[in-house]
Amino acid sequence: MKRVLLSLALATSATQAAAPDDFAWQWPLDLGSGDVHELVLTPEIYDAITRSDGRDLALFTESGRSVSFGPLPAAPDTPWRDAPYALEIVGSTREPGSSRDVPVAFPSPQRLTLALRSRVPEAASIRALRVGWRHRAAMPADARWRVEGRRRSGAVHAEVMAHSYSLASGLGETRLSLSDFDGDALRLSVTPVPPDLEITSVLAEYETPPGQQRQYRRAALVRDDSAANAFRFHLPPALPVSAARIDLGDGGALATVTLSVREGEWWRTLASDTAFDIAVGDASLVRNRLAFPTTRNQRWRLGVEPDIGVPIVDVGYRPDVFLVAHQGPARLLLVAGSARTQRQDFPIEPLMRELRAQFGASWTPPRASLGARSERTGKAALKPPPPAPPYRAWALWTVLVVAALAIGFLALRLLREPARD
């Protein structure tokens, strides 16, 4: 541990360049006991950062000495945590049911059981199931659902949260809320049901582990006059956006939405989907989320077709986590926003690998305490420094002038020499 901290200190002293007065904003940062802490970036910090790579965020001691500080690797994007993800239906069985205890309005009631398997690449807790089914009539009101499988403790409690059914298409959906289930295989059964009722799909909603929950930020939309039915908005350039929620508002219940970012002279499409918000009987069907690889950009555009008015957009992001390697307890100075300098690179990843190899893969350091923001240098730090004098060009012109003078001197000397017989 001390060996790695020493290497970080050597990396700091090797390139001592930036100073607190090179930055626009500052926060006090308090460390508890110990040599390693973490800092989760807040919306206020993102608003102060001016670079998309976040390199104008740095940490100093109160005396102005640079502190070992850098981002931890982000958790991989997991789209299956952001939207219902299909379970594999391994098999299904039907057994005759009994109508003695539960009255039913159809003959030959049955118990329908499905064996299901998760498709996700890692173990994750399932918080709910969305069961899609097909039948000429709605699901019986007295249908009872049961879920079995591996779980942490106790029985799996399945509660019906919502029903929806379309008589025109014969398709319905039942949403079940689960408790304390973390297996990758489960059995789902429902009884009593008609013999011709068919379950077409089962989607799982997964829990998000601590530290990977998304935060959402409301975007301020303005109409884009250069494109039809489009809106522009700006975000902090370092904000790691990986999802968006689009509320269609009161103007329409169905629209195609397309989200893009500006890169140079072009708009690059990140995601496009059909969004809807409709009511079916007592239930509502909503699909309004876009998921895409983490993107850091300042200029965004949302296209909506057809024109349904101004939608409401909330962008989702997982805040960056920075590691602080400094002996505590101590009060440090966090600074952000600069056009003059940038943070040094520190070997943070090797330190974190060593710590997790010793204390476990899920180990996290204690969190540093962030104080209130205040102005450090203000707008002066956001002005780019004047360009350096063109010493190289000056030197080149000097050489050329001296060479020209030397050639002229030699030519004049030759002209003044007497002619030889």
# chains A, B, ... in the order shown; residues from 1 in each chain; ligands from 1

$ residues_around --residues "segment 309-315 of chain A" --least-positions-apart "4" --cutoff "9 Å" --atoms "only C-alpha atoms" --output "PyMOL selection string"
chain A and resi 215-223+229+231+241-252+302+304

$ write_last_selection --atoms "C-alpha atoms" --output "PDB file, in the first residue's frame"
ATOM      1  CA  GLN A 215     -29.229   9.928 -11.971  1.00  0.00           C
ATOM      2  CA  TYR A 216     -31.403  12.021 -14.259  1.00  0.00           C
ATOM      3  CA  ARG A 217     -31.081  15.609 -15.355  1.00  0.00           C
ATOM      4  CA  ARG A 218     -33.762  17.705 -17.089  1.00  0.00           C
ATOM      5  CA  ALA A 219     -32.672  19.116 -20.456  1.00  0.00           C
ATOM      6  CA  ALA A 220     -33.688  22.634 -21.541  1.00  0.00           C
ATOM      7  CA  LEU A 221     -35.017  22.229 -25.098  1.00  0.00           C
ATOM      8  CA  VAL A 222     -35.123  24.906 -27.786  1.00  0.00           C
ATOM      9  CA  ARG A 223     -36.490  24.422 -31.291  1.00  0.00           C
ATOM     10  CA  ASN A 229     -39.597  18.662 -35.629  1.00  0.00           C
ATOM     11  CA  PHE A 231     -35.004  20.368 -30.609  1.00  0.00           C
ATOM     12  CA  VAL A 241     -24.830  10.279 -20.547  1.00  0.00           C
ATOM     13  CA  SER A 242     -26.006   6.751 -21.388  1.00  0.00           C
ATOM     14  CA  ALA A 243     -29.823   6.984 -21.424  1.00  0.00           C
ATOM     15  CA  ALA A 244     -32.715   9.339 -21.998  1.00  0.00           C
ATOM     16  CA  ARG A 245     -36.355   9.440 -20.914  1.00  0.00           C
ATOM     17  CA  ILE A 246     -38.702  11.201 -23.314  1.00  0.00           C
ATOM     18  CA  ASP A 247     -42.095  12.324 -22.019  1.00  0.00           C
ATOM     19  CA  LEU A 248     -44.314  12.955 -25.032  1.00  0.00           C
ATOM     20  CA  GLY A 249     -46.449  15.361 -23.032  1.00  0.00           C
ATOM     21  CA  ASP A 250     -50.078  16.105 -23.796  1.00  0.00           C
ATOM     22  CA  GLY A 251     -49.633  16.522 -27.537  1.00  0.00           C
ATOM     23  CA  GLY A 252     -49.477  12.863 -28.543  1.00  0.00           C
ATOM     24  CA  LEU A 302     -33.779  15.320 -30.359  1.00  0.00           C
ATOM     25  CA  VAL A 304     -39.649  13.823 -32.930  1.00  0.00           C
TER      26      VAL A 304
END

$ closest_residue --among "A:Pro140, A:Pro390, A:Gly371, A:Gly360" --to "Leu333 of chain A" --atoms "only C-alpha atoms"
A:Gly371

$ closest_residue --among "A:Ala404, A:Leu87, A:Ala115, A:Leu285" --to "His163 of chain A" --atoms "only C-alpha atoms"
A:Leu285

$ atom_distance --atom1 "atom CA of Tyr46 of chain A" --atom2 "atom CA of Ala330 of chain A"
23.8 Å

$ atom_distance --atom1 "atom CA of Arg65 of chain A" --atom2 "atom CA of Leu31 of chain A"
15.9 Å

$ closest_residue --among "A:Ala275, A:Val193, A:Leu410, A:Val90" --to "Leu290 of chain A" --atoms "only C-alpha atoms"
A:Ala275

$ select_by_dssp --residues "segment 331-414 of chain A" --states "strand (DSSP E)" --output "PyMOL selection string"
chain A and resi 331-336+369-370+374-375

$ write_last_selection --atoms "C-alpha atoms" --output "mmCIF file, in the first residue's frame"
data_model
loop_
_atom_site.group_PDB
_atom_site.id
_atom_site.type_symbol
_atom_site.label_atom_id
_atom_site.label_comp_id
_atom_site.auth_asym_id
_atom_site.auth_seq_id
_atom_site.Cartn_x
_atom_site.Cartn_y
_atom_site.Cartn_z
ATOM 1 C CA ARG A 331 -8.671 19.115 4.260
ATOM 2 C CA LEU A 332 -7.952 19.413 0.550
ATOM 3 C CA LEU A 333 -8.960 21.805 -2.218
ATOM 4 C CA LEU A 334 -10.917 20.557 -5.228
ATOM 5 C CA VAL A 335 -10.770 22.905 -8.228
ATOM 6 C CA ALA A 336 -12.455 22.845 -11.644
ATOM 7 C CA SER A 369 -16.946 14.928 2.201
ATOM 8 C CA LEU A 370 -17.468 17.778 -0.268
ATOM 9 C CA SER A 374 -16.950 29.178 -4.169
ATOM 10 C CA GLU A 375 -15.220 31.195 -6.841
#

$ residues_around --residues "Trp300 of chain A" --least-positions-apart "2" --cutoff "8 Å" --atoms "only C-alpha atoms" --output "list in words"
Arg232, Phe233, His234, Leu235, Leu259, Ser260, Val261, Arg262, Asn297, Gln298 and Leu302 of chain A

$ closest_residue --among "A:Ile126, A:Leu415, A:His135, A:Ala325" --to "Ala168 of chain A" --atoms "only C-alpha atoms"
A:His135

$ atom_distance --atom1 "atom CA of Leu412 of chain A" --atom2 "atom CA of Thr398 of chain A"
20.9 Å

$ select_by_dssp --residues "segment 187-367 of chain A" --states "alpha helix (DSSP H)" --output "list in words"
Ile348, Glu349, Pro350, Leu351, Met352, Arg353, Glu354, Leu355, Arg356, Ala357, Gln358 and Phe359 of chain A

$ closest_residue --among "A:Arg376, A:Arg187, A:Arg51, A:Arg268" --to "Pro20 of chain A" --atoms "only C-alpha atoms"
A:Arg376

$ closest_residue --among "A:Thr258, A:Ser189, A:Gln344, A:Ser52" --to "Arg144 of chain A" --atoms "only C-alpha atoms"
A:Ser189
